[in-house]
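Raw upload_16.cif, mmCIF, C-alpha atoms:
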```cif
data_input
loop_
_atom_site.group_PDB
_atom_site.id
_atom_site.type_symbol
_atom_site.label_atom_id
_atom_site.label_comp_id
_atom_site.auth_asym_id
_atom_site.auth_seq_id
_atom_site.Cartn_x
_atom_site.Cartn_y
_atom_site.Cartn_z
ATOM 1 C CA MET B 9 62.367 -72.289 77.224
ATOM 2 C CA LEU B 10 65.327 -71.760 79.415
ATOM 3 C CA LEU B 11 67.886 -69.104 78.810
ATOM 4 C CA SER B 12 71.427 -69.855 79.569
ATOM 5 C CA CYS B 13 73.368 -67.512 81.778
ATOM 6 C CA THR B 14 75.748 -66.522 79.019
ATOM 7 C CA GLN B 15 73.202 -65.555 76.481
ATOM 8 C CA ALA B 16 71.452 -62.207 76.732
ATOM 9 C CA PRO B 17 68.011 -61.718 75.366
ATOM 10 C CA VAL B 18 67.975 -60.055 71.935
ATOM 11 C CA ALA B 19 65.330 -57.534 71.063
ATOM 12 C CA HIS B 20 64.054 -57.852 67.549
ATOM 13 C CA SER B 21 63.019 -54.672 65.797
ATOM 14 C CA ALA B 22 61.397 -54.262 62.453
ATOM 15 C CA VAL B 23 64.123 -51.821 61.257
ATOM 16 C CA ASP B 24 67.727 -52.952 61.095
ATOM 17 C CA VAL B 25 69.623 -49.758 62.010
ATOM 18 C CA VAL B 26 73.045 -51.223 61.290
ATOM 19 C CA ALA B 27 72.075 -52.193 57.757
ATOM 20 C CA ILE B 28 70.595 -48.767 57.063
ATOM 21 C CA ALA B 29 73.685 -47.045 58.433
ATOM 22 C CA GLY B 30 75.852 -49.234 56.209
ATOM 23 C CA ILE B 31 73.824 -48.393 53.106
ATOM 24 C CA VAL B 32 73.800 -44.671 53.892
ATOM 25 C CA GLY B 33 77.549 -44.722 54.566
ATOM 26 C CA THR B 34 78.209 -46.478 51.283
ATOM 27 C CA LEU B 35 76.076 -43.997 49.334
ATOM 28 C CA VAL B 36 77.654 -40.960 51.018
ATOM 29 C CA GLY B 37 81.139 -42.364 50.428
ATOM 30 C CA THR B 38 80.383 -42.983 46.756
ATOM 31 C CA VAL B 39 78.956 -39.485 46.221
ATOM 32 C CA VAL B 40 81.798 -37.782 48.102
ATOM 33 C CA GLY B 41 84.361 -39.858 46.198
ATOM 34 C CA ALA B 42 82.776 -38.926 42.877
ATOM 35 C CA VAL B 43 82.706 -35.224 43.771
ATOM 36 C CA VAL B 44 86.327 -35.236 44.939
ATOM 37 C CA GLY B 45 87.352 -37.109 41.795
ATOM 38 C CA ALA B 46 85.524 -34.622 39.583
ATOM 39 C CA VAL B 47 87.116 -31.629 41.331
ATOM 40 C CA VAL B 48 90.606 -33.103 41.071
ATOM 41 C CA THR B 49 90.085 -33.949 37.398
ATOM 42 C CA TRP B 50 88.807 -30.422 36.697
ATOM 43 C CA LYS B 51 91.833 -28.843 38.418
ATOM 44 C CA VAL B 52 94.253 -31.046 36.471
ATOM 45 C CA GLN B 53 92.554 -30.144 33.188
ATOM 46 C CA GLN B 54 92.681 -26.427 34.028
ATOM 47 C CA ARG B 55 96.424 -26.693 34.651
ATOM 48 C CA GLU B 56 96.939 -28.543 31.381
ATOM 49 C CA PHE B 57 94.901 -25.959 29.445
ATOM 50 C CA ALA B 58 96.848 -23.085 31.016
ATOM 51 C CA HIS B 59 100.135 -24.777 30.137
ATOM 52 C CA GLU B 60 99.018 -25.363 26.545
ATOM 53 C CA ASP B 61 97.931 -21.718 26.279
ATOM 54 C CA ARG B 62 101.354 -20.536 27.467
ATOM 55 C CA ILE B 63 103.072 -22.774 24.927
ATOM 56 C CA ARG B 64 100.820 -21.565 22.090
ATOM 57 C CA PHE B 65 101.388 -17.919 23.048
ATOM 58 C CA HIS B 66 105.156 -18.468 23.207
ATOM 59 C CA ASP B 67 105.092 -20.118 19.779
ATOM 60 C CA ARG B 68 102.978 -17.256 18.414
ATOM 61 C CA ARG B 69 105.495 -14.722 19.699
ATOM 62 C CA LEU B 70 108.355 -16.624 18.087
ATOM 63 C CA THR B 71 106.525 -16.685 14.763
ATOM 64 C CA VAL B 72 105.676 -12.975 14.852
ATOM 65 C CA TYR B 73 109.188 -11.977 15.893
ATOM 66 C CA ALA B 74 110.741 -14.105 13.160
ATOM 67 C CA GLU B 75 108.384 -12.642 10.552
ATOM 68 C CA PHE B 76 109.136 -9.049 11.593
ATOM 69 C CA THR B 77 112.908 -9.426 11.686
ATOM 70 C CA ASP B 78 112.944 -11.333 8.391
ATOM 71 C CA ALA B 79 110.806 -8.716 6.640
ATOM 72 C CA CYS B 80 112.927 -5.838 7.997
ATOM 73 C CA GLY B 81 116.137 -7.508 6.883
ATOM 74 C CA LYS B 82 114.761 -8.153 3.414
ATOM 75 C CA VAL B 83 113.597 -4.541 3.011
ATOM 76 C CA ALA B 84 117.032 -3.253 4.018
ATOM 77 C CA ALA B 85 118.811 -5.711 1.716
ATOM 78 C CA ALA B 86 116.521 -4.874 -1.216
ATOM 79 C CA LEU B 87 117.042 -1.147 -0.743
ATOM 80 C CA LEU B 88 120.822 -1.560 -0.640
ATOM 81 C CA ALA B 89 120.681 -3.627 -3.827
ATOM 82 C CA GLY B 90 118.223 -1.290 -5.541
ATOM 83 C CA ALA B 91 115.689 -4.121 -5.832
ATOM 84 C CA PRO B 92 111.889 -3.963 -5.341
ATOM 85 C CA PHE B 93 110.908 -3.999 -1.681
ATOM 86 C CA LEU B 94 107.183 -3.206 -1.497
ATOM 87 C CA GLN B 95 106.068 -6.774 -0.813
ATOM 88 C CA ASP B 96 108.490 -7.060 2.087
ATOM 89 C CA GLN B 97 107.534 -3.563 3.264
ATOM 90 C CA ALA B 98 103.925 -4.769 3.499
ATOM 91 C CA ARG B 99 105.144 -7.719 5.608
ATOM 92 C CA VAL B 100 106.982 -5.273 7.883
ATOM 93 C CA ILE B 101 103.814 -3.257 8.455
ATOM 94 C CA VAL B 102 101.568 -6.253 9.177
ATOM 95 C CA SER B 103 104.079 -8.064 11.365
ATOM 96 C CA PHE B 104 104.908 -4.870 13.283
ATOM 97 C CA GLU B 105 101.262 -4.318 14.180
ATOM 98 C CA THR B 106 100.917 -7.952 15.233
ATOM 99 C CA LEU B 107 104.141 -7.724 17.242
ATOM 100 C CA ARG B 108 102.794 -4.752 19.166
ATOM 101 C CA LEU B 109 99.835 -6.911 20.233
ATOM 102 C CA VAL B 110 101.873 -9.834 21.594
ATOM 103 C CA ALA B 111 105.136 -8.264 22.774
ATOM 104 C CA THR B 112 106.091 -6.855 26.133
ATOM 105 C CA ALA B 113 106.936 -3.155 26.403
ATOM 106 C CA PRO B 114 110.740 -3.548 25.955
ATOM 107 C CA VAL B 115 110.330 -5.598 22.772
ATOM 108 C CA SER B 116 107.645 -3.281 21.442
ATOM 109 C CA GLN B 117 109.852 -0.238 22.043
ATOM 110 C CA ALA B 118 112.847 -1.858 20.342
ATOM 111 C CA ALA B 119 110.669 -2.934 17.402
ATOM 112 C CA THR B 120 109.344 0.615 17.097
ATOM 113 C CA GLN B 121 112.923 1.859 16.700
ATOM 114 C CA VAL B 122 113.585 -0.711 13.973
ATOM 115 C CA HIS B 123 110.308 0.132 12.264
ATOM 116 C CA ALA B 124 111.229 3.829 12.249
ATOM 117 C CA ILE B 125 114.571 3.102 10.539
ATOM 118 C CA VAL B 126 112.903 0.821 7.972
ATOM 119 C CA PHE B 127 110.349 3.563 7.315
ATOM 120 C CA GLN B 128 113.160 6.064 6.724
ATOM 121 C CA LEU B 129 114.867 3.594 4.395
ATOM 122 C CA ALA B 130 111.655 3.059 2.435
ATOM 123 C CA GLN B 131 111.200 6.802 1.981
ATOM 124 C CA GLY B 132 114.307 6.867 -0.140
ATOM 125 C CA GLN B 133 116.786 8.258 2.314
ATOM 126 C CA ASN B 134 120.405 7.216 1.896
ATOM 127 C CA PRO B 135 120.423 3.513 2.791
ATOM 128 C CA GLN B 136 124.189 3.424 3.259
ATOM 129 C CA ALA B 137 124.040 6.144 5.911
ATOM 130 C CA LEU B 138 121.155 4.480 7.784
ATOM 131 C CA MET B 139 122.549 0.929 7.791
ATOM 132 C CA PRO B 140 124.719 1.329 10.919
ATOM 133 C CA GLN B 141 121.693 2.583 12.871
ATOM 134 C CA PHE B 142 119.537 -0.172 11.365
ATOM 135 C CA ASN B 143 122.045 -2.827 12.482
ATOM 136 C CA ILE B 144 122.268 -1.372 15.997
ATOM 137 C CA THR B 145 118.493 -1.262 16.447
ATOM 138 C CA MET B 146 118.122 -4.794 15.052
ATOM 139 C CA ALA B 147 120.721 -6.015 17.566
ATOM 140 C CA GLN B 148 118.886 -4.257 20.404
ATOM 141 C CA LEU B 149 115.634 -5.810 19.246
ATOM 142 C CA GLY B 150 117.216 -9.277 19.206
ATOM 143 C CA ILE B 151 118.484 -8.805 22.760
ATOM 144 C CA ALA B 152 115.052 -7.660 23.970
ATOM 145 C CA MET B 153 113.369 -10.614 22.243
ATOM 146 C CA ARG B 154 115.765 -13.149 23.731
ATOM 147 C CA ARG B 155 115.359 -11.636 27.184
ATOM 148 C CA GLU B 156 111.582 -11.766 26.913
ATOM 149 C CA LEU B 157 111.549 -15.342 25.653
ATOM 150 C CA GLY B 158 113.923 -16.464 28.383
ATOM 151 C CA VAL B 159 116.663 -17.483 25.970
ATOM 152 C CA GLN B 160 119.299 -15.207 27.459
#
```

Would it be possible to restate this file's structure as structure tokens?
Amino acid sequence: MLLSCTQAPVAHSAVDVVAIAGIVGTLVGTVVGAVVGAVVTWKVQQREFAHEDRIRFHDRRLTVYAEFTDACGKVAAALLAGAPFLQDQARVIVSFETLRLVATAPVSQAATQVHAIVFQLAQGQNPQALMPQFNITMAQLGIAMRRELGVQ
């Protein structure tokens, strides 16, 4: 058999290195792609969970703050009217303790001032004389709450 001048002899081996390299490359690419995809998905989920947690905590603060201010206002109004106030006083106590758990220091300090005035009112001191101080501390509390929540 004659070989032409343009054709080089080809060595035949039992192992096709190019095919093996192609298979290995495909497998490595698939595994690396899956790992990268899993990491990216995990990071996205962590961000979403953190965002949802912030929203839930913000909503919880709003609920607690609304409960505390509502209960304090109802105690003061009931005392001025000479009406029963113990149920609302219980709400003040529970919501105040919850507020102290979720609030920042400025809100907690302002709420403590309000709580002290409500406590004085509930002890039977002259409600008319304490109302100006009650209104001032409630206004200060509202300002601190709005500042904390980013409303102001």

**Prompt:** Which residue gives the smallest distance to B:Val72 among B:Leu94, B:Val26, B:Val100, B:Ala118, with all atoms listed in the file counted?
**Reply:** B:Val100

**Evaluate the PyMOL selection byres ((chain B and resi 103) around 9) and report residues as JSON, numbers by chain** = {"B": [72, 73, 75, 76, 77, 79, 98, 99, 100, 101, 102, 104, 105, 106, 107, 108]}

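Computed from the coordinates, the atom CA of B:Val40 to atom CA of B:His59 distance equals 28.8 Å.
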
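Counting from atom CA of B:Leu87, the distance to atom CA of B:Gln148 is 21.5 Å.
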
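Atom CA of B:Pro92 to atom CA of B:Ala130 spans 10.5 Å [interatomic distance, one decimal].
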